[in-house]
Every structure is written in structure tokens, then in C-alpha cells.
file query.txt (compact mmCIF, C-alpha atoms and all ligand atoms)
# COMPACT_ATOMS: atom_id res chain seq x y z
CA MET K 1 0.49 -10.32 -21.28
CA PRO K 2 -2.21 -9.75 -18.67
CA SER K 3 -2.47 -6.08 -17.75
CA SER K 4 -1.69 -5.24 -14.15
CA PRO K 5 -4.77 -4.56 -12.01
CA ALA K 6 -5.76 -0.94 -11.53
CA PRO K 7 -4.42 0.47 -8.26
CA SER K 8 -6.97 0.59 -5.47
CA ILE K 9 -8.49 3.84 -4.30
CA ALA K 10 -6.58 3.31 -1.06
CA ALA K 11 -3.27 3.18 -2.93
CA LEU K 12 -4.21 6.16 -5.09
CA TYR K 13 -5.18 8.15 -2.02
CA ALA K 14 -1.91 7.33 -0.27
CA ASP K 15 0.04 8.70 -3.24
CA HIS K 16 -2.26 11.71 -3.43
CA LEU K 17 -1.61 12.52 0.21
CA THR K 18 2.14 12.18 -0.30
CA ALA K 19 1.89 14.72 -3.13
CA LEU K 20 -0.18 17.08 -0.98
CA LEU K 21 2.26 16.85 1.91
CA ALA K 22 5.14 17.74 -0.38
CA ARG K 23 3.18 20.70 -1.77
CA ALA K 24 2.27 21.86 1.73
CA ALA K 25 5.90 21.73 2.86
CA THR K 26 7.00 23.98 -0.01
CA ALA K 27 4.01 26.29 0.39
CA LEU K 28 4.83 26.78 4.09
CA GLU K 29 8.47 27.44 3.25
CA ARG K 30 7.41 30.05 0.71
CA GLY K 31 5.22 31.79 3.26
CA GLY K 32 7.59 31.37 6.20
CA PHE K 33 5.18 29.33 8.35
CA ASP K 34 5.49 26.08 10.30
CA HIS K 35 1.95 24.72 10.10
CA LEU K 36 -0.84 24.61 7.60
CA VAL K 37 -4.17 24.87 9.41
CA VAL K 38 -7.44 24.51 7.52
CA PRO K 39 -10.90 24.88 9.04
CA SER K 40 -13.67 23.04 7.21
CA GLY K 41 -15.90 26.10 7.58
CA THR K 42 -18.96 27.00 9.55
CA LEU K 43 -22.69 27.30 9.04
CA HIS K 44 -23.96 30.74 8.05
CA GLN K 45 -27.24 31.99 9.43
CA GLN K 46 -29.70 33.81 7.22
CA VAL K 47 -30.29 37.43 8.18
CA PHE K 48 -33.11 38.04 10.71
CA ASP K 49 -33.81 34.32 10.76
CA ASP K 50 -32.76 31.22 12.65
CA ARG K 51 -32.13 29.10 9.56
CA ASP K 52 -28.73 28.34 8.06
CA TYR K 53 -27.71 28.58 4.44
CA PRO K 54 -26.71 25.25 2.96
CA TYR K 55 -23.24 24.40 4.22
CA ALA K 56 -20.41 24.70 1.71
CA VAL K 57 -17.14 23.10 2.75
CA ASN K 58 -13.90 25.06 2.47
CA PRO K 59 -12.30 23.69 -0.75
CA GLN K 60 -8.86 23.89 0.91
CA PHE K 61 -10.19 21.38 3.46
CA LYS K 62 -11.79 18.89 1.09
CA ALA K 63 -8.57 18.94 -0.95
CA TRP K 64 -7.14 16.79 1.85
CA VAL K 65 -9.99 14.63 3.04
CA PRO K 66 -13.19 13.55 1.27
CA LEU K 67 -15.41 15.20 3.88
CA THR K 68 -17.93 17.60 2.42
CA ARG K 69 -20.38 17.82 5.32
CA ALA K 70 -18.31 18.31 8.44
CA PRO K 71 -18.56 21.94 9.61
CA GLY K 72 -16.43 22.99 12.57
CA SER K 73 -13.61 20.54 11.84
CA TRP K 74 -9.93 21.44 11.37
CA LEU K 75 -6.94 20.02 9.63
CA VAL K 76 -3.37 20.56 10.84
CA VAL K 77 -0.41 19.78 8.61
CA THR K 78 3.08 20.10 10.03
CA PRO K 79 5.93 18.94 7.80
CA GLY K 80 7.49 15.78 9.18
CA ALA K 81 4.50 14.96 11.41
CA ARG K 82 1.42 12.88 10.80
CA PRO K 83 -1.40 15.16 9.58
CA LYS K 84 -4.11 15.72 12.15
CA LEU K 85 -7.86 15.94 11.70
CA VAL K 86 -9.78 17.63 14.49
CA PHE K 87 -13.25 16.33 13.78
CA LEU K 88 -16.38 17.94 15.20
CA GLN K 89 -19.05 15.42 16.09
CA PRO K 90 -21.37 17.51 18.26
CA ARG K 91 -23.75 16.18 20.86
CA ASP K 92 -26.95 17.16 19.09
CA TYR K 93 -30.35 15.53 19.03
CA TRP K 94 -31.84 18.12 16.62
CA HIS K 95 -29.72 17.15 13.64
CA VAL K 96 -27.95 14.12 12.32
CA VAL K 97 -24.33 14.52 13.31
CA PRO K 98 -21.53 13.57 10.89
CA ASP K 99 -20.52 9.93 11.02
CA ALA K 100 -17.14 9.11 12.48
CA PRO K 101 -14.56 9.34 9.70
CA SER K 102 -14.14 6.12 7.77
CA GLY K 103 -12.55 4.99 4.55
CA PRO K 104 -9.07 4.19 3.34
CA TRP K 105 -7.84 7.71 4.09
CA VAL K 106 -8.36 7.73 7.86
CA GLU K 107 -5.33 5.55 8.63
CA HIS K 108 -3.07 8.37 7.43
CA PHE K 109 -4.37 10.86 9.98
CA GLU K 110 -4.25 11.37 13.66
CA ILE K 111 -7.94 11.92 14.32
CA VAL K 112 -9.23 13.78 17.35
CA VAL K 113 -12.99 13.93 17.88
CA ILE K 114 -14.36 17.03 19.56
CA ARG K 115 -17.92 17.73 20.74
CA LYS K 116 -17.96 21.54 20.65
CA PRO K 117 -16.49 23.82 17.94
CA GLU K 118 -14.43 25.81 20.43
CA ASP K 119 -12.75 22.62 21.65
CA ALA K 120 -10.75 22.57 18.41
CA GLN K 121 -8.39 25.22 19.71
CA ALA K 122 -6.74 22.90 22.23
CA HIS K 123 -5.66 20.68 19.33
CA LEU K 124 -4.24 23.40 17.09
CA PRO K 125 -0.53 24.35 17.13
CA LYS K 126 0.22 26.42 20.23
CA ASN K 127 1.73 29.37 18.40
CA ALA K 128 -0.98 30.74 16.13
CA ALA K 129 1.47 33.21 14.60
CA ARG K 130 3.38 30.31 13.04
CA CYS K 131 0.25 29.00 11.27
CA ALA K 132 -0.89 29.62 7.75
CA ILE K 133 -4.63 29.35 8.31
CA LEU K 134 -6.66 28.97 5.12
CA GLY K 135 -10.35 29.68 5.43
CA GLU K 136 -13.12 32.21 5.90
CA ALA K 137 -12.98 34.89 8.60
CA GLN K 138 -16.01 33.38 10.30
CA SER K 139 -14.00 30.27 11.18
CA ALA K 140 -11.80 32.25 13.59
CA LEU K 141 -11.34 30.59 16.96
CA GLY K 142 -9.89 31.55 20.27
CA HIS K 143 -9.49 34.58 22.44
CA TYR K 144 -9.74 37.67 20.19
CA GLY K 145 -9.82 35.25 17.28
CA ALA K 146 -6.20 34.16 17.72
CA TYR K 147 -6.73 31.44 15.13
CA ARG K 148 -8.09 33.75 12.47
CA PRO K 149 -7.59 32.68 8.86
CA ASN K 150 -4.74 34.77 7.46
CA ASN K 151 -4.71 33.16 3.98
CA PRO K 152 -1.08 34.09 3.26
CA GLN K 153 -0.82 34.93 -0.41
CA ALA K 154 2.40 32.99 -0.99
CA VAL K 155 0.91 29.84 0.53
CA VAL K 156 -2.40 30.12 -1.32
CA ASP K 157 -0.68 30.94 -4.62
CA TYR K 158 1.52 27.87 -4.37
CA LEU K 159 -1.22 25.43 -3.40
CA ASP K 160 -3.76 26.80 -5.88
CA TYR K 161 -1.31 26.78 -8.78
CA HIS K 162 -0.42 23.13 -8.17
CA ARG K 163 -4.01 22.09 -7.62
CA ALA K 164 -4.41 22.39 -11.38
CA PHE K 165 -2.30 19.23 -11.73
CA LYS K 166 -4.57 16.45 -10.60
CA THR K 167 -3.14 13.36 -9.00
CA PRO K 168 -4.29 9.95 -10.28
CA TYR K 169 -6.56 9.77 -7.21
CA GLU K 170 -8.22 13.01 -8.24
CA ILE K 171 -8.67 11.83 -11.82
CA ALA K 172 -10.36 8.70 -10.43
CA MET K 173 -12.73 10.88 -8.35
CA LEU K 174 -13.49 13.13 -11.34
CA ARG K 175 -14.17 10.04 -13.45
CA ARG K 176 -16.72 8.85 -10.90
CA ALA K 177 -18.35 12.27 -10.78
CA SER K 178 -18.67 12.19 -14.58
CA GLN K 179 -20.17 8.70 -14.52
CA ARG K 180 -22.78 9.81 -12.03
CA ALA K 181 -23.62 12.91 -14.05
CA VAL K 182 -23.87 11.02 -17.33
CA GLY K 183 -26.40 8.56 -15.88
CA ALA K 184 -28.47 11.53 -14.77
CA HIS K 185 -28.13 13.25 -18.14
CA ARG K 186 -29.54 10.15 -19.81
CA ALA K 187 -32.51 10.19 -17.43
CA ALA K 188 -33.02 13.89 -18.17
CA GLU K 189 -33.16 13.24 -21.90
CA ARG K 190 -35.77 10.54 -21.33
CA ALA K 191 -37.85 12.99 -19.28
CA PHE K 192 -37.54 15.61 -22.02
CA ARG K 193 -38.67 13.13 -24.68
CA ALA K 194 -41.61 12.18 -22.45
CA GLY K 195 -42.76 15.83 -22.35
CA ALA K 196 -41.68 16.84 -18.85
CA SER K 197 -41.36 20.48 -17.77
CA GLU K 198 -37.99 21.95 -16.83
CA PHE K 199 -38.82 21.30 -13.19
CA GLY K 200 -39.80 17.72 -13.97
CA ILE K 201 -36.59 17.16 -15.90
CA HIS K 202 -34.63 18.62 -13.00
CA LEU K 203 -36.29 16.17 -10.59
CA ALA K 204 -35.60 13.26 -12.93
CA TYR K 205 -31.97 14.38 -13.07
CA CYS K 206 -31.63 14.64 -9.29
CA GLN K 207 -33.33 11.28 -8.80
CA ALA K 208 -30.95 9.54 -11.21
CA ALA K 209 -27.89 11.35 -9.81
CA GLY K 210 -28.95 10.55 -6.26
CA GLN K 211 -28.05 14.16 -5.44
CA ASP K 212 -30.06 17.29 -4.88
CA ALA K 213 -29.36 20.98 -5.14
CA ASN K 214 -27.14 21.03 -2.03
CA GLU K 215 -24.91 18.22 -3.23
CA LEU K 216 -24.67 19.02 -6.93
CA PRO K 217 -21.61 21.11 -7.76
CA TYR K 218 -23.75 23.93 -9.20
CA GLY K 219 -27.39 24.73 -9.85
CA ASN K 220 -28.83 22.71 -12.71
CA ILE K 221 -29.41 24.63 -15.93
CA VAL K 222 -32.43 23.00 -17.55
CA ALA K 223 -33.69 25.07 -20.46
CA LEU K 224 -36.44 24.33 -22.97
CA ASP K 225 -36.81 26.26 -26.20
CA ARG K 226 -35.87 29.95 -25.97
CA HIS K 227 -34.67 29.58 -22.39
CA ALA K 228 -31.56 27.95 -23.86
CA ALA K 229 -30.51 31.44 -24.97
CA VAL K 230 -29.97 32.42 -21.32
CA LEU K 231 -26.47 31.18 -20.51
CA HIS K 232 -27.16 30.41 -16.87
CA TYR K 233 -30.91 29.80 -16.93
CA THR K 234 -31.88 28.30 -13.56
CA GLU K 235 -35.59 29.16 -13.33
CA LEU K 236 -36.99 25.61 -13.71
CA GLY K 237 -40.36 26.35 -15.34
CA ARG K 238 -43.23 24.26 -13.97
CA VAL K 239 -45.03 23.88 -17.32
CA ALA K 240 -43.48 22.59 -20.53
CA PRO K 241 -43.76 25.01 -23.45
CA ASP K 242 -45.95 24.07 -26.37
CA PRO K 243 -44.51 23.23 -28.80
CA VAL K 244 -41.32 21.86 -27.29
CA ARG K 245 -38.47 22.36 -29.74
CA SER K 246 -35.19 22.05 -27.91
CA PHE K 247 -33.57 21.15 -24.61
CA LEU K 248 -30.26 22.38 -23.20
CA ILE K 249 -29.06 20.85 -19.95
CA ASP K 250 -25.90 21.93 -18.11
CA ALA K 251 -25.71 19.80 -15.00
CA GLY K 252 -23.03 18.02 -13.03
CA ALA K 253 -22.54 15.72 -10.10
CA SER K 254 -20.15 15.44 -7.17
CA HIS K 255 -18.02 12.58 -5.97
CA ALA K 256 -15.93 12.81 -2.82
CA GLY K 257 -15.86 16.58 -3.24
CA TYR K 258 -14.92 16.54 -6.94
CA ALA K 259 -17.16 17.96 -9.65
CA ALA K 260 -18.42 17.01 -13.07
CA ASP K 261 -19.72 19.73 -15.39
CA ILE K 262 -21.52 18.48 -18.48
CA THR K 263 -23.77 20.13 -21.05
CA ARG K 264 -25.84 18.57 -23.80
CA THR K 265 -28.39 19.98 -26.22
CA TYR K 266 -31.21 18.04 -27.86
CA ALA K 267 -33.67 18.74 -30.64
CA HIS K 268 -37.25 17.53 -30.35
CA ASP K 269 -37.27 16.89 -34.08
CA THR K 270 -34.22 14.72 -34.58
CA ALA K 271 -34.46 15.00 -38.37
CA GLY K 272 -34.63 18.80 -38.51
CA GLU K 273 -32.23 21.65 -39.12
CA PHE K 274 -31.64 22.38 -35.43
CA GLN K 275 -30.46 18.79 -34.93
CA ALA K 276 -28.10 19.31 -37.87
CA MET K 277 -26.72 22.42 -36.15
CA ILE K 278 -26.27 20.49 -32.89
CA ASP K 279 -24.36 17.85 -34.84
CA ALA K 280 -22.14 20.52 -36.40
CA VAL K 281 -21.34 22.06 -32.98
CA ASP K 282 -20.73 18.56 -31.64
CA ALA K 283 -18.21 17.82 -34.39
CA ALA K 284 -16.46 21.14 -33.73
CA GLN K 285 -16.45 20.44 -29.99
CA ARG K 286 -14.76 17.07 -30.51
CA THR K 287 -12.01 18.77 -32.49
CA MET K 288 -11.51 21.24 -29.62
CA CYS K 289 -11.34 18.36 -27.12
CA ALA K 290 -8.58 16.82 -29.23
CA GLN K 291 -6.57 20.02 -28.71
CA VAL K 292 -6.28 19.33 -24.98
CA ARG K 293 -2.62 18.36 -25.11
CA ALA K 294 0.44 19.25 -23.08
CA GLY K 295 2.05 22.48 -24.24
CA VAL K 296 -1.11 23.93 -25.82
CA ASP K 297 -2.07 27.42 -24.72
CA TYR K 298 -5.69 27.14 -23.60
CA ARG K 299 -6.31 30.64 -24.96
CA GLN K 300 -5.57 29.27 -28.43
CA ILE K 301 -8.30 26.64 -28.05
CA HIS K 302 -10.69 29.46 -27.17
CA LEU K 303 -9.66 31.58 -30.16
CA ASP K 304 -9.83 28.60 -32.51
CA ALA K 305 -13.31 27.84 -31.16
CA HIS K 306 -14.50 31.25 -32.35
CA LEU K 307 -13.47 30.47 -35.89
CA ALA K 308 -14.92 26.93 -35.81
CA LEU K 309 -18.25 28.22 -34.52
CA ALA K 310 -18.32 31.05 -37.05
CA ARG K 311 -17.91 28.38 -39.73
CA VAL K 312 -21.00 26.64 -38.39
CA LEU K 313 -22.92 29.93 -38.57
CA ARG K 314 -21.75 30.36 -42.15
CA GLU K 315 -22.66 26.76 -43.04
CA PHE K 316 -26.20 27.33 -41.78
CA GLY K 317 -26.64 30.52 -43.76
CA ILE K 318 -26.63 32.85 -40.78
CA LEU K 319 -23.55 34.80 -41.82
CA ARG K 320 -23.43 36.82 -45.06
CA ILE K 321 -19.72 37.40 -44.44
CA THR K 322 -16.91 34.86 -44.12
CA ALA K 323 -16.22 33.14 -40.84
CA GLU K 324 -12.87 34.94 -40.64
CA GLU K 325 -14.57 38.32 -41.10
CA ALA K 326 -17.16 37.43 -38.47
CA VAL K 327 -14.42 36.71 -35.94
CA ALA K 328 -12.41 39.81 -36.85
CA THR K 329 -15.42 42.15 -36.57
CA GLY K 330 -16.78 40.69 -33.34
CA VAL K 331 -19.90 39.36 -35.03
CA SER K 332 -19.21 35.78 -33.94
CA ALA K 333 -18.82 36.91 -30.33
CA ALA K 334 -22.53 37.78 -30.22
CA PHE K 335 -23.31 34.10 -30.85
CA PHE K 336 -20.55 32.69 -28.60
CA PRO K 337 -20.37 35.16 -25.74
CA HIS K 338 -18.55 33.07 -23.13
CA GLY K 339 -15.27 31.28 -22.66
CA VAL K 340 -14.61 27.87 -24.17
CA GLY K 341 -14.19 26.39 -20.71
CA HIS K 342 -12.30 26.33 -17.44
CA GLY K 343 -10.34 24.14 -15.10
CA ILE K 344 -12.41 21.71 -13.03
CA GLY K 345 -11.67 19.73 -9.89
CA LEU K 346 -12.68 20.39 -6.31
CA GLN K 347 -14.54 23.41 -7.64
CA VAL K 348 -16.57 23.46 -10.80
CA HIS K 349 -14.65 26.56 -11.83
CA ASP K 350 -11.33 25.54 -10.40
CA VAL K 351 -8.87 27.98 -8.86
CA ALA K 352 -5.77 29.52 -10.42
CA GLY K 353 -7.06 29.65 -13.99
CA PHE K 354 -4.91 32.73 -14.67
CA ALA K 355 -1.88 31.86 -12.54
CA ALA K 356 1.41 32.65 -14.27
CA SER K 357 3.47 30.69 -11.73
CA ASP K 358 3.31 29.14 -8.28
CA ALA K 359 4.71 32.39 -6.91
CA GLY K 360 1.98 34.62 -8.31
CA GLY K 361 1.43 36.64 -11.45
CA THR K 362 -1.41 36.60 -13.94
CA ILE K 363 -1.68 35.44 -17.53
CA PRO K 364 -4.08 37.89 -19.18
CA ARG K 365 -7.09 36.94 -21.23
CA PRO K 366 -6.87 37.63 -24.94
CA GLU K 367 -8.08 41.16 -25.68
CA GLY K 368 -11.83 41.26 -26.26
CA HIS K 369 -12.52 37.96 -24.47
CA PRO K 370 -13.59 39.03 -20.97
CA TYR K 371 -15.25 35.78 -19.90
CA LEU K 372 -12.49 33.25 -20.47
CA ARG K 373 -11.69 31.57 -17.13
CA LEU K 374 -8.47 29.77 -18.02
CA THR K 375 -5.38 31.22 -19.70
CA ARG K 376 -2.71 28.73 -18.67
CA THR K 377 -0.72 26.42 -20.91
CA LEU K 378 -1.95 22.86 -20.59
CA ALA K 379 0.19 20.24 -18.88
CA PRO K 380 -0.32 16.61 -17.91
CA GLY K 381 -2.81 16.23 -15.06
CA MET K 382 -4.81 19.35 -15.85
CA VAL K 383 -8.52 18.75 -16.27
CA VAL K 384 -10.53 21.27 -18.23
CA THR K 385 -13.97 21.66 -19.66
CA ILE K 386 -14.51 22.23 -23.36
CA GLU K 387 -17.87 23.91 -23.81
CA PRO K 388 -18.43 25.80 -27.03
CA GLY K 389 -21.88 27.20 -27.66
CA LEU K 390 -23.97 29.04 -30.21
CA TYR K 391 -26.92 31.10 -29.01
CA PHE K 392 -29.58 33.36 -30.44
CA ILE K 393 -29.66 36.05 -27.75
CA ASP K 394 -32.00 38.93 -28.60
CA MET K 395 -30.00 41.46 -26.57
CA LEU K 396 -26.71 40.71 -28.30
CA LEU K 397 -28.30 40.51 -31.76
CA ASP K 398 -29.90 43.92 -31.16
CA ASP K 399 -26.47 45.23 -30.14
CA LEU K 400 -25.01 44.00 -33.43
CA LYS K 401 -27.69 45.87 -35.35
CA ALA K 402 -27.18 48.98 -33.27
CA ALA K 403 -23.44 48.79 -33.99
CA GLY K 404 -24.18 48.86 -37.74
CA LYS K 405 -23.22 45.20 -38.23
CA GLY K 406 -26.69 43.98 -39.20
CA ALA K 407 -25.81 43.54 -42.87
CA ALA K 408 -23.40 40.76 -41.93
CA LEU K 409 -26.33 38.53 -41.00
CA ASP K 410 -29.32 36.86 -42.64
CA TRP K 411 -32.11 37.84 -40.25
CA GLU K 412 -34.64 35.43 -41.69
CA ARG K 413 -32.30 32.58 -40.87
CA ILE K 414 -31.77 33.99 -37.40
CA ASP K 415 -35.53 34.18 -36.85
CA ALA K 416 -35.81 30.54 -37.90
CA PHE K 417 -33.38 29.53 -35.15
CA ARG K 418 -34.41 31.94 -32.37
CA PRO K 419 -37.19 29.69 -31.01
CA TYR K 420 -34.61 26.99 -30.24
CA GLY K 421 -32.58 29.29 -27.97
CA GLY K 422 -29.12 27.89 -28.38
CA ILE K 423 -26.68 25.03 -28.22
CA ARG K 424 -23.89 24.19 -25.78
CA ILE K 425 -21.93 20.97 -25.59
CA GLU K 426 -19.53 20.45 -22.70
CA ASP K 427 -17.15 17.67 -21.74
CA ASP K 428 -14.56 17.29 -18.98
CA VAL K 429 -11.20 16.43 -20.50
CA VAL K 430 -7.90 15.31 -18.93
CA CYS K 431 -4.62 16.49 -20.38
CA THR K 432 -2.05 13.67 -20.34
CA ASP K 433 1.42 12.96 -21.72
CA GLY K 434 -0.30 11.80 -24.89
CA ALA K 435 -3.85 11.78 -26.17
CA PRO K 436 -6.47 13.51 -24.04
CA VAL K 437 -8.87 11.47 -21.94
CA ASN K 438 -12.45 12.65 -22.28
CA LEU K 439 -14.10 11.66 -19.00
CA THR K 440 -17.54 12.62 -20.24
CA ARG K 441 -17.54 10.77 -23.55
CA GLU K 442 -15.88 7.80 -21.88
CA ALA K 443 -18.68 7.66 -19.30
CA TRP K 444 -21.29 8.05 -22.03
CA ALA K 445 -19.84 5.23 -24.08
CA HIS K 446 -19.77 3.05 -20.99
CA ALA K 447 -23.34 3.89 -20.01
CA ALA K 448 -24.63 3.28 -23.53
CA GLY K 449 -22.77 -0.03 -23.33
N1 LIG E 1 -21.63 24.78 -15.80
C1 LIG E 1 -21.72 26.15 -15.74
C2 LIG E 1 -20.47 26.86 -16.11
O1 LIG E 1 -19.47 26.27 -16.37
O2 LIG E 1 -20.47 28.08 -16.06
MN MN E 2 -18.61 24.62 -17.41

call {"tool": "encode", "arguments": {"input": "query.txt", "output": "C-alpha cells"}}
result
Amino acid sequence: MPSSPAPSIAALYADHLTALLARAATALERGGFDHLVVPSGTLHQQVFDDRDYPYAVNPQFKAWVPLTRAPGSWLVVTPGARPKLVFLQPRDYWHVVPDAPSGPWVEHFEIVVIRKPEDAQAHLPKNAARCAILGEAQSALGHYGAYRPNNPQAVVDYLDYHRAFKTPYEIAMLRRASQRAVGAHRAAERAFRAGASEFGIHLAYCQAAGQDANELPYGNIVALDRHAAVLHYTELGRVAPDPVRSFLIDAGASHAGYAADITRTYAHDTAGEFQAMIDAVDAAQRTMCAQVRAGVDYRQIHLDAHLALARVLREFGILRITAEEAVATGVSAAFFPHGVGHGIGLQVHDVAGFAASDAGGTIPRPEGHPYLRLTRTLAPGMVVTIEPGLYFIDMLLDDLKAAGKGAALDWERIDAFRPYGGIRIEDDVVCTDGAPVNLTREAWAHAAG
């Protein structure tokens, strides 16, 4: 039987909007408000200067419309009425002004174009006290800031909690973000193999992604050799080290406001021991990705990752104790000192990672794991990263010694691996009713064709 054609983006968006409108209605009911009002945000000027910081759209705004570069605009959602977009298109010959809204989403909105930011007020609900206004204080409008974001907790809690469950439209956007990032990752590997510096690899990445620092969802982490031991290394060295041993790249891409977050690690010598360790972490990471199933406590994936990574350390002769002992005594934590991942969506580290319910409450991290960013139980529609890593971080290894745990480790083996810095492998994975969908590996398989 021929399979039915995939729904169009227009159809997916229409369903997405229907879901958002239903969420907004309940959120407003919870907070006791009549209107949801969301400013897109404003430009922020640098101190003692006349230049602006790069604009960052309010995520609560881009949740509704795929506009990421439209400061001074507002969204008004009133249950039962057509949602309204108050769109700022200033008269300005110094800068390029945002294009008039276009795309399959515009037909669902009443769109009002304004020329000055303050003109938005005339198009907002008359009674500001009845509005849940989600945004930054600087967006306030009106006499004495009548339309000042109040960010009611009950409204934010409800919307943020449900944002974890991506609509099919959002999954499609995340898939496109991953495809864009994977193409750029492949270009980055080519640049690495050709001997480029971190800065050169970064430029090759941006060129292939067609995005630069202001559009990427986070600053590229491009680390050669020992720099890979710095978890968020963003220095971009201008000269390649000699010799070049390893390359860790943690870099994403954006699509319609949605993020990809992907990490890969490469060995210069693809027949050496560091490559073998990368392969071992890769195999462990795939097993963790397979755990992304409805009903699984994400904290368990994180705890299991510790044991799996300790087994890799043991396999490579770094541990003198068993993997279980290394986990129990905190030795493995010195090599894997971050969380196994986080939710991803409109924000690279998506909101409500600890939310116990849509009415508030917090699910705690497991004791002794202060950097885990997601503690919720997985459910269909959630999209998470799975990013285990193993690093040789001088500071943390010194701490182990100072804590009297040095005998647990073979220091000669550690010294053999220190020059490579570390390994991290990260995919973006969708939880479904059945088997997980790995957006990153899927994009890679497609690109490798
Ligand atoms: N991609 C960086 C991070 O997840 O922290
Ligand atoms: Mn990540």
C-alpha cells in the first residue's frame, strides 16, 4: 500500500497552533487572567556605548511564531479570539527592517504593523491588569509601564511544563535544525583533517551551517587536543597545535527558532588507542540513546551512564578498582563531571527540566549530581540530548589525589590520555510511543547517503 504523504509544514503548524491555544487557555485559567500578552523583547545597549548587544528573542514569543529577529513586536492571545501579532516594522534607513511576516503561519493571525515601539500599546488589551504578560522588564510599555511583564508563576509553570512535549511541527523544526548542524559538523571534520586551527574550523562550520555566532543556538565549542578537557571551551585558538591529536566539537544550528545541539570527538590517528576509546564511548552512548523511552526516569539514564563510562575507564586500564567501586566512591565523577543531557527545543537547554507538574514543584537531582539539567520522567514528544563524556581534567584528577583516592587509578595510563583532552558524544533524541527517534544519527545517515 502506498504510504500517505507526509503532512505539510502548513498543516503541522496549524495543529501546533491549536495545541498552543488550548495550553494558553488553561494557563490563563490557572492564573486567573483573560489575555496572554508576549513581547518579542527589545534591544539592549552596551554600557557607556551606543552599540546594542545581539538581539535575543523572548522564547515565549518564538514559541508561537517563527520570528527570531523582530524586536518590539507583541503577541496577544485571548481565548476564543483570533491571535494577534503586533509587528514592529520601523521606519529606519540605518538598519534593515524586518520583512513583513510571511509563511504558512500568518493566515492564522490578525497582524497589525506598527512603525514605532510605543504604538504597540494601542493594540494591546485595554485592561492591563487582566493580562498575563510574559517577558523581560525592559519590554514594559505605557504610562508608568502599565504593560509591564508580570510573568505570573502559575501561567509560566503551566506553559513551560507542557513545552517539554513537542508537537509534530516542533519535531519537524528540530529535525531540520539537526540536518543543518550535521552538514556543518561534516565540514568541520574535513577542516580538522586538513589541519585547520580551532578558529578555522569554526569558520568552516559557520560557512557550512549558513549561520554565525548570533544565529547559532550557543557558542561553538571547538577544541583541539587538551582544550577538549575544558567542558565549555570557546576560545577558538588561531593556531593549530603541533602535533594535533584530537578534536572535540560541540556545535548546533537553529531552524525557525528551534535548536540542535550535537557533539562529536575525533582522533587524528584513526588506528590508535584514543580512537578506540572514542568508539567505546560511542557504543555506550548509543545504548543510552536506546533508553529514551516513555516511562523512563531520565535520572536513571544519567546514573546508568556513570557505570557505563566507568566500565570504559576500566577497559582502558585507567581504573585499578571495579567500575562499580569507581561509581560508589565518586572516582568516576571526576572523569564525567556533567549531566548526561537536557531537554532541547526552543532553547538549547530547554525550560522546566525539573518540573514536577504543570502546577509547580521540583523533582530533585540525584544526590551528588549537581549538574544534571533534567530530572523528569520521559514521555512521548519529549526531546532530550544524550551526551556522555570522559575527560582528563587536571583540576579534578588533582582533587582525587588530594582526597586520598589516587590509588584507584593508573597514573601512567592517565598521562597517556591527558594530551587528548577528552571525549563527548551528543545526539538529540525524540521520545515516542515506541522506539526513540535519534534526530542526529538520522541526519548523519542521510547526509552520508
Ligand atoms: N552544548 C552545550 C551544552 O549542552 O551544555
Ligand atoms: Mn548539550

call {"tool": "residues_near_ligand", "arguments": {"input": "query.txt", "ligand": "ligand MN 2 (chain E)", "cutoff": "6 Å", "atoms": "only C-alpha atoms and all ligand atoms", "output": "PyMOL selection string"}}
result
chain K and resi 261+341+385

call {"tool": "closest_atom_pairs", "arguments": {"input": "query.txt", "of": "chain K", "to": "ligand LIG 1 (chain E)", "cutoff": "8 Å", "atoms": "all atoms listed in the file", "output": "tab-separated table"}}
result
residue	atom	partner	partner_atom	distance
K:Tyr218	CA	E:LIG1	N1	7.0
K:Ile221	CA	E:LIG1	N1	7.8
K:His232	CA	E:LIG1	C1	7.0
K:Asp250	CA	E:LIG1	N1	5.6
K:Ala251	CA	E:LIG1	N1	6.5
K:Gly252	CA	E:LIG1	N1	7.4
K:Asp261	CA	E:LIG1	N1	5.4
K:Ile262	CA	E:LIG1	N1	6.8
K:Thr263	CA	E:LIG1	N1	7.3
K:Gly341	CA	E:LIG1	O1	6.8
K:His342	CA	E:LIG1	O1	7.2
K:Val348	CA	E:LIG1	O1	6.9
K:His349	CA	E:LIG1	O1	6.6
K:Thr385	CA	E:LIG1	O1	7.9
K:Glu387	CA	E:LIG1	O1	8.0

call {"tool": "closest_residue", "arguments": {"input": "query.txt", "among": "K:Arg163, K:His338, K:His108, K:Lys116", "to": "Ala355 in chain K", "atoms": "only C-alpha atoms"}}
result
K:Arg163

call {"tool": "residues_around", "arguments": {"input": "query.txt", "residues": "Cys289 in chain K", "least_positions_apart": "2", "cutoff": "12 Å", "atoms": "only C-alpha atoms", "output": "PyMOL selection string"}}
result
chain K and resi 282-287+291-293+296+298+301-302+304-305+340-341+383-388+425-431+435-441

call {"tool": "closest_residue", "arguments": {"input": "query.txt", "among": "K:Asp119, K:Gly339, K:Leu231, K:Tyr420", "to": "Gly272 in chain K", "atoms": "only C-alpha atoms"}}
result
K:Tyr420

call {"tool": "atom_distance", "arguments": {"input": "query.txt", "atom1": "CA of Leu85 in chain K", "atom2": "CA of Asp99 in chain K"}}
result
14.0 Å

call {"tool": "closest_atom_pairs", "arguments": {"input": "query.txt", "of": "range 290-347 of chain K", "to": "range 357-367 of chain K", "cutoff": "10 Å", "atoms": "all atoms listed in the file", "output": "tab-separated table"}}
result
residue	atom	partner	partner_atom	distance
K:Arg299	CA	K:Pro366	CA	7.0
K:Gln300	CA	K:Pro366	CA	9.2
K:His302	CA	K:Pro366	CA	9.3
K:Leu303	CA	K:Pro366	CA	8.5

call {"tool": "write_last_selection", "arguments": {"input": "query.txt", "atoms": "C-alpha atoms", "output": "short mmCIF file (atom, residue, chain, number, x, y, z; two decimals), in the coordinates of the input"}}
result
data_model
loop_
_atom_site.label_atom_id
_atom_site.label_comp_id
_atom_site.auth_asym_id
_atom_site.auth_seq_id
_atom_site.Cartn_x
_atom_site.Cartn_y
_atom_site.Cartn_z
CA ARG K 299 -6.31 30.64 -24.96
CA GLN K 300 -5.57 29.27 -28.43
CA HIS K 302 -10.69 29.46 -27.17
CA LEU K 303 -9.66 31.58 -30.16
#

call {"tool": "closest_residue", "arguments": {"input": "query.txt", "among": "K:Asp399, K:Asp279, K:Asp410, K:Glu324", "to": "Arg424 in chain K", "atoms": "all atoms listed in the file"}}
result
K:Asp279

call {"tool": "residues_around", "arguments": {"input": "query.txt", "residues": "Pro243 in chain K", "least_positions_apart": "3", "cutoff": "12 Å", "atoms": "all atoms listed in the file", "output": "ChimeraX atom specification"}}
result
/K:195,197,224-226,239-240,246-247,267-269,419-420
